[in-house]
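A.B. asks: Below is the structure I would like to discuss, written out as structure tokens.
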Amino acid sequence: MPRKWRICMRDLIWTNLLDAGRLLTRILRAANAFPRHVAWMACICMAVPAMLTSLKTLGQALGVNPLEELIRGSGRWALIWLLVALAIAPLRSALVACARLGHWSYGRRMSDWNWFIRLRRQAGLACFSYAVIHLVLYVSLDIDCHWEELARDVSDKPYIGMGIAALLLLTPLAVTSTDAWMRRLERNWKRLHMLVYPAAVFSIAHFLLLSKPGIFDPFGYAMVLAGLLVYRLAEHCLHEAISHERIDGSVPERALEQEISITP
Ligand code: HEM
């Protein structure tokens, strides 16, 4: 390719990239200015898998075992939204770090991503809703509301117990996810919402135990959860170290506020 052409192409790509960057910055600013709209859009996106499955059910396109497809699909989406909810805080820290390193015109402050951190609530509620649908499908269609069968399943299949434990832990989190509960519980709200970690561990154990040998899907999810737990632990240790130093007087209070996001 002639040199002139190459320069022309490079300039074209560069200008388009800059334009795309400017557009993205505008979208992010707008997202921060209209958090309610973002929340609604997130809700609609999170409902899409359920809507598609409903359409497939109506069109009788769920394959040879529709019940298994429905139960497994709802369980899978419950787990996905749970992991998404857990990944939002580390993602925000990563985005802030990228913005600072790349000298972006927007996104260098934690508060620029307020709209993003609020999506945790939507993801958590989506997880809970899919998990409830999952349970309802299992109880109403799989075991036909025969409670003796449920009791037998709980004692014979350890994964059922794990699933129930996960859902029981998720329930208080869903109930207290409103602003009013956040204000009422104050500091205890954060403590209570740490239950999301054991809930995630039980959900993964549930998936691992029910999967047949040779199926490697659950290990992928388990690795994602392990990464998120390691991040949380590292963040906790860093926070502890900085607050100890702050007590000694060697780190100014503002540095602590800027560098650390304490999020469950
Ligand atoms: C009340 C509690 C629960 C019960 C009774 C329950 C029951 C079940 C059953 C019967 C299956 C299908 C097993 C099979 O086809 O062999 C299943 C699959 C599954 N469940 Fe649950 N579950 C519960 C809670 C949960 C929760 C809270 C999550 C995640 C947050 C979850 C995630 C999954 C996943 C990922 C699968 C497998 C999906 C796949 O194979 O693609 N379950 N569950």
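Residues in the structure tokens are named by chain (A, B, ... in the order shown) and by number from 1 within that chain; ligands are numbered from 1 in the order shown.
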Please find the residues contacting ligand 1 at a distance of at most 9 Å between atoms, with only C-alpha atoms and all ligand atoms counted, and report them as an NGL selection string.
C.D. replies: :A and (67-69 or 71-83 or 127-128 or 130-132 or 134-139 or 142 or 150 or 153-154 or 159-170 or 199-200 or 202-204 or 206-208 or 210-212 or 217-218 or 221)
A.B. asks: Step one, run DSSP on the backbone; step two, keep only residues of stretch 135-165 of chain A assigned to alpha helix (DSSP H); then write them as a list of chain:residue names.
C.D. replies: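 Going through stretch 135-165 of chain A, the alpha helix (DSSP H) residues come out as A:Leu135, A:Val136, A:Leu137, A:Trp147, A:Glu148, A:Glu149, A:Leu150, A:Ala151, A:Arg152, A:Asp153, A:Val154, A:Ser155, A:Asp156, A:Pro158, A:Tyr159, A:Ile160, A:Gly161, A:Met162, A:Gly163, A:Ile164, A:Ala165.
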A.B. asks: Could you dump the residues just selected with N, CA and C atoms as a PDB file, in the first residue's frame?
C.D. replies:
```
ATOM      1  N   LEU A 135     -36.987 -22.406  41.332  1.00  0.00           N
ATOM      2  CA  LEU A 135     -37.574 -23.215  42.405  1.00  0.00           C
ATOM      3  C   LEU A 135     -39.039 -23.545  42.097  1.00  0.00           C
ATOM      4  N   VAL A 136     -39.776 -22.528  41.622  1.00  0.00           N
ATOM      5  CA  VAL A 136     -41.203 -22.735  41.338  1.00  0.00           C
ATOM      6  C   VAL A 136     -41.367 -23.799  40.245  1.00  0.00           C
ATOM      7  N   LEU A 137     -40.523 -23.735  39.213  1.00  0.00           N
ATOM      8  CA  LEU A 137     -40.612 -24.718  38.121  1.00  0.00           C
ATOM      9  C   LEU A 137     -40.323 -26.122  38.641  1.00  0.00           C
ATOM     10  N   TRP A 147     -44.560 -32.963  48.545  1.00  0.00           N
ATOM     11  CA  TRP A 147     -43.554 -32.522  49.525  1.00  0.00           C
ATOM     12  C   TRP A 147     -42.707 -33.685  50.037  1.00  0.00           C
ATOM     13  N   GLU A 148     -43.318 -34.935  50.001  1.00  0.00           N
ATOM     14  CA  GLU A 148     -42.497 -36.094  50.443  1.00  0.00           C
ATOM     15  C   GLU A 148     -41.344 -36.295  49.458  1.00  0.00           C
ATOM     16  N   GLU A 149     -41.653 -36.038  48.173  1.00  0.00           N
ATOM     17  CA  GLU A 149     -40.601 -36.199  47.154  1.00  0.00           C
ATOM     18  C   GLU A 149     -39.499 -35.152  47.350  1.00  0.00           C
ATOM     19  N   LEU A 150     -39.936 -33.942  47.749  1.00  0.00           N
ATOM     20  CA  LEU A 150     -38.942 -32.878  48.003  1.00  0.00           C
ATOM     21  C   LEU A 150     -38.029 -33.304  49.151  1.00  0.00           C
ATOM     22  N   ALA A 151     -38.665 -33.839  50.228  1.00  0.00           N
ATOM     23  CA  ALA A 151     -37.881 -34.278  51.390  1.00  0.00           C
ATOM     24  C   ALA A 151     -36.924 -35.397  50.976  1.00  0.00           C
ATOM     25  N   ARG A 152     -37.407 -36.326  50.116  1.00  0.00           N
ATOM     26  CA  ARG A 152     -36.552 -37.418  49.650  1.00  0.00           C
ATOM     27  C   ARG A 152     -35.384 -36.879  48.812  1.00  0.00           C
ATOM     28  N   ASP A 153     -35.703 -35.917  47.937  1.00  0.00           N
ATOM     29  CA  ASP A 153     -34.657 -35.316  47.092  1.00  0.00           C
ATOM     30  C   ASP A 153     -33.590 -34.615  47.942  1.00  0.00           C
ATOM     31  N   VAL A 154     -34.080 -33.913  49.001  1.00  0.00           N
ATOM     32  CA  VAL A 154     -33.129 -33.180  49.853  1.00  0.00           C
ATOM     33  C   VAL A 154     -32.164 -34.162  50.510  1.00  0.00           C
ATOM     34  N   SER A 155     -32.697 -35.338  50.959  1.00  0.00           N
ATOM     35  CA  SER A 155     -31.790 -36.282  51.642  1.00  0.00           C
ATOM     36  C   SER A 155     -30.958 -37.103  50.654  1.00  0.00           C
ATOM     37  N   ASP A 156     -31.521 -37.380  49.439  1.00  0.00           N
ATOM     38  CA  ASP A 156     -30.773 -38.227  48.483  1.00  0.00           C
ATOM     39  C   ASP A 156     -29.797 -37.448  47.612  1.00  0.00           C
ATOM     40  N   PRO A 158     -27.527 -34.257  47.416  1.00  0.00           N
ATOM     41  CA  PRO A 158     -26.955 -33.129  48.180  1.00  0.00           C
ATOM     42  C   PRO A 158     -27.065 -31.791  47.447  1.00  0.00           C
ATOM     43  N   TYR A 159     -27.123 -31.826  46.100  1.00  0.00           N
ATOM     44  CA  TYR A 159     -27.168 -30.546  45.377  1.00  0.00           C
ATOM     45  C   TYR A 159     -28.468 -29.784  45.621  1.00  0.00           C
ATOM     46  N   ILE A 160     -29.554 -30.518  45.944  1.00  0.00           N
ATOM     47  CA  ILE A 160     -30.823 -29.833  46.218  1.00  0.00           C
ATOM     48  C   ILE A 160     -30.685 -29.011  47.520  1.00  0.00           C
ATOM     49  N   GLY A 161     -30.055 -29.623  48.519  1.00  0.00           N
ATOM     50  CA  GLY A 161     -29.825 -28.923  49.796  1.00  0.00           C
ATOM     51  C   GLY A 161     -28.989 -27.666  49.573  1.00  0.00           C
ATOM     52  N   MET A 162     -27.959 -27.800  48.718  1.00  0.00           N
ATOM     53  CA  MET A 162     -27.081 -26.646  48.431  1.00  0.00           C
ATOM     54  C   MET A 162     -27.881 -25.515  47.779  1.00  0.00           C
ATOM     55  N   GLY A 163     -28.747 -25.895  46.822  1.00  0.00           N
ATOM     56  CA  GLY A 163     -29.567 -24.886  46.133  1.00  0.00           C
ATOM     57  C   GLY A 163     -30.482 -24.174  47.115  1.00  0.00           C
ATOM     58  N   ILE A 164     -31.106 -24.961  48.004  1.00  0.00           N
ATOM     59  CA  ILE A 164     -32.026 -24.358  48.981  1.00  0.00           C
ATOM     60  C   ILE A 164     -31.251 -23.408  49.909  1.00  0.00           C
ATOM     61  N   ALA A 165     -30.054 -23.859  50.341  1.00  0.00           N
ATOM     62  CA  ALA A 165     -29.240 -23.002  51.230  1.00  0.00           C
ATOM     63  C   ALA A 165     -28.910 -21.685  50.509  1.00  0.00           C
TER      64      ALA A 165
END
```
A.B. asks: Could you pull the residues within 8 Å of stretch 33-38 of chain A, counting only C-alpha atoms, minus those fewer than 4 positions along the same chain, as a PDB file with C-alpha atoms, in the first residue's frame?
C.D. replies:
```pdb
ATOM      1  CA  ARG A  29     -21.880  11.309  31.575  1.00  0.00           C
ATOM      2  CA  ALA A  42     -30.736  -2.758  32.958  1.00  0.00           C
ATOM      3  CA  TRP A 115     -24.613   4.746  37.945  1.00  0.00           C
ATOM      4  CA  ARG A 118     -26.054   0.941  41.334  1.00  0.00           C
TER       5      ARG A 118
END
```
A.B. asks: Please list as an mmCIF file with C-alpha atoms, in the first residue's frame every residue within 9 Å of A:Arg92, counting only C-alpha atoms and excluding residues in the same chain fewer than 3 positions away.
C.D. replies:
```cif
data_model
loop_
_atom_site.group_PDB
_atom_site.id
_atom_site.type_symbol
_atom_site.label_atom_id
_atom_site.label_comp_id
_atom_site.auth_asym_id
_atom_site.auth_seq_id
_atom_site.Cartn_x
_atom_site.Cartn_y
_atom_site.Cartn_z
ATOM 1 C CA ALA A 87 -18.168 -8.460 39.453
ATOM 2 C CA ILE A 88 -19.505 -4.892 39.309
ATOM 3 C CA ALA A 89 -17.374 -3.474 42.176
ATOM 4 C CA LEU A 95 -12.405 1.198 34.971
ATOM 5 C CA VAL A 96 -11.222 3.957 37.319
ATOM 6 C CA ALA A 97 -7.644 2.621 37.074
ATOM 7 C CA MET A 110 -15.059 6.726 41.731
ATOM 8 C CA TRP A 113 -19.240 5.406 38.047
ATOM 9 C CA PHE A 116 -22.551 1.618 37.307
ATOM 10 C CA ILE A 117 -22.261 0.542 40.957
#
```
A.B. asks: Hey, can you check how far atom CA of A:Leu119 sits from atom CA of A:Thr178?
C.D. replies: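 Value for the atom CA of A:Leu119-atom CA of A:Thr178 distance: 13.0 Å.
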A.B. asks: For A:Leu18, which of A:Arg187, A:Leu238, A:Trp104, A:Pro2 is the closest residue, counting only C-alpha atoms?
C.D. replies: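 Of A:Arg187, A:Leu238, A:Trp104, A:Pro2, the one nearest A:Leu18, counting only C-alpha atoms, is A:Trp104.
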A.B. asks: What is the distance between atom CA of A:Val201 and atom CA of A:Val48, in Å to one decimal?
C.D. replies: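 Computing it gives 25.7 Å between the two atoms.
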A.B. asks: Can you work out which one of A:Gly214, A:Ala39, A:Tyr197, A:Ala47 has the shortest atom-to-atom distance to A:Val230, counting only C-alpha atoms?
C.D. replies: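 The answer is A:Tyr197, which sits nearest to A:Val230.
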A.B. asks: Find the spatial neighbours of stretch 190-192 of chain A, counting only C-alpha atoms, within a cut-off of 12 Å - ignore same-chain residues fewer than 6 positions away - and output them as an MDAnalysis selection string.
C.D. replies: chainID A and resid 169:177 181:184 198:199 262:264
A.B. asks: Can you measure atom CA of A:Ile143 to atom CA of A:Thr53 for me? One decimal in Å is fine.
C.D. replies: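 A separation of 21.1 Å between them.
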A.B. asks: Can you tell me, as a ChimeraX atom specification, what residues are no more than 12 Å from A:Thr25 when counting only C-alpha atoms, ignoring any on the same chain fewer than 2 positions away?
C.D. replies: /A:18-23,27-32,99,104-108,112-113
A.B. asks: Kindly export the residues of the current selection with N, CA and C atoms, as a PDB file, in the first residue's frame.
C.D. replies:
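Writing done, so here's selection-v4.pdb:
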```pdb
ATOM      1  N   LEU A  18     -11.182   8.733  18.063  1.00  0.00           N
ATOM      2  CA  LEU A  18     -11.381   9.893  18.940  1.00  0.00           C
ATOM      3  C   LEU A  18     -12.858  10.238  19.046  1.00  0.00           C
ATOM      4  N   ASP A  19     -13.558  10.192  17.889  1.00  0.00           N
ATOM      5  CA  ASP A  19     -14.997  10.483  17.884  1.00  0.00           C
ATOM      6  C   ASP A  19     -15.745   9.474  18.748  1.00  0.00           C
ATOM      7  N   ALA A  20     -15.348   8.183  18.593  1.00  0.00           N
ATOM      8  CA  ALA A  20     -16.006   7.127  19.376  1.00  0.00           C
ATOM      9  C   ALA A  20     -15.761   7.371  20.865  1.00  0.00           C
ATOM     10  N   GLY A  21     -14.524   7.770  21.207  1.00  0.00           N
ATOM     11  CA  GLY A  21     -14.172   8.056  22.604  1.00  0.00           C
ATOM     12  C   GLY A  21     -15.035   9.184  23.147  1.00  0.00           C
ATOM     13  N   ARG A  22     -15.190  10.262  22.326  1.00  0.00           N
ATOM     14  CA  ARG A  22     -16.003  11.412  22.761  1.00  0.00           C
ATOM     15  C   ARG A  22     -17.453  11.000  22.968  1.00  0.00           C
ATOM     16  N   LEU A  23     -17.943  10.179  22.020  1.00  0.00           N
ATOM     17  CA  LEU A  23     -19.332   9.726  22.113  1.00  0.00           C
ATOM     18  C   LEU A  23     -19.536   8.892  23.384  1.00  0.00           C
ATOM     19  N   ILE A  27     -21.981   9.443  26.557  1.00  0.00           N
ATOM     20  CA  ILE A  27     -22.964   8.437  27.015  1.00  0.00           C
ATOM     21  C   ILE A  27     -22.775   8.174  28.509  1.00  0.00           C
ATOM     22  N   LEU A  28     -21.491   8.042  28.935  1.00  0.00           N
ATOM     23  CA  LEU A  28     -21.228   7.746  30.351  1.00  0.00           C
ATOM     24  C   LEU A  28     -21.688   8.889  31.243  1.00  0.00           C
ATOM     25  N   ARG A  29     -21.425  10.141  30.788  1.00  0.00           N
ATOM     26  CA  ARG A  29     -21.880  11.309  31.575  1.00  0.00           C
ATOM     27  C   ARG A  29     -23.394  11.289  31.709  1.00  0.00           C
ATOM     28  N   ALA A  30     -24.058  10.979  30.580  1.00  0.00           N
ATOM     29  CA  ALA A  30     -25.528  10.955  30.595  1.00  0.00           C
ATOM     30  C   ALA A  30     -26.009   9.856  31.538  1.00  0.00           C
ATOM     31  N   ALA A  31     -25.302   8.706  31.524  1.00  0.00           N
ATOM     32  CA  ALA A  31     -25.686   7.594  32.401  1.00  0.00           C
ATOM     33  C   ALA A  31     -25.600   8.016  33.858  1.00  0.00           C
ATOM     34  N   ASN A  32     -24.557   8.786  34.192  1.00  0.00           N
ATOM     35  CA  ASN A  32     -24.403   9.238  35.576  1.00  0.00           C
ATOM     36  C   ASN A  32     -25.478  10.259  35.945  1.00  0.00           C
ATOM     37  N   ALA A  99      -9.054   4.685  33.473  1.00  0.00           N
ATOM     38  CA  ALA A  99      -9.285   6.099  33.164  1.00  0.00           C
ATOM     39  C   ALA A  99      -8.116   6.950  33.651  1.00  0.00           C
ATOM     40  N   TRP A 104      -8.230   9.552  30.622  1.00  0.00           N
ATOM     41  CA  TRP A 104      -9.528   9.783  29.985  1.00  0.00           C
ATOM     42  C   TRP A 104     -10.089  11.096  30.509  1.00  0.00           C
ATOM     43  N   SER A 105     -10.920  11.743  29.663  1.00  0.00           N
ATOM     44  CA  SER A 105     -11.492  13.013  30.117  1.00  0.00           C
ATOM     45  C   SER A 105     -12.598  12.766  31.143  1.00  0.00           C
ATOM     46  N   TYR A 106     -13.055  11.533  31.266  1.00  0.00           N
ATOM     47  CA  TYR A 106     -14.146  11.226  32.193  1.00  0.00           C
ATOM     48  C   TYR A 106     -13.873   9.863  32.823  1.00  0.00           C
ATOM     49  N   GLY A 107     -14.277   9.676  34.055  1.00  0.00           N
ATOM     50  CA  GLY A 107     -14.207   8.348  34.668  1.00  0.00           C
ATOM     51  C   GLY A 107     -13.041   8.148  35.614  1.00  0.00           C
ATOM     52  N   ARG A 108     -12.310   9.246  35.928  1.00  0.00           N
ATOM     53  CA  ARG A 108     -11.150   9.074  36.808  1.00  0.00           C
ATOM     54  C   ARG A 108     -11.518   9.075  38.284  1.00  0.00           C
ATOM     55  N   ASP A 112     -17.739   9.044  39.326  1.00  0.00           N
ATOM     56  CA  ASP A 112     -18.177   9.040  37.918  1.00  0.00           C
ATOM     57  C   ASP A 112     -18.924   7.754  37.577  1.00  0.00           C
ATOM     58  N   TRP A 113     -18.654   6.715  38.364  1.00  0.00           N
ATOM     59  CA  TRP A 113     -19.240   5.406  38.047  1.00  0.00           C
ATOM     60  C   TRP A 113     -20.374   5.048  38.994  1.00  0.00           C
TER      61      TRP A 113
END
```
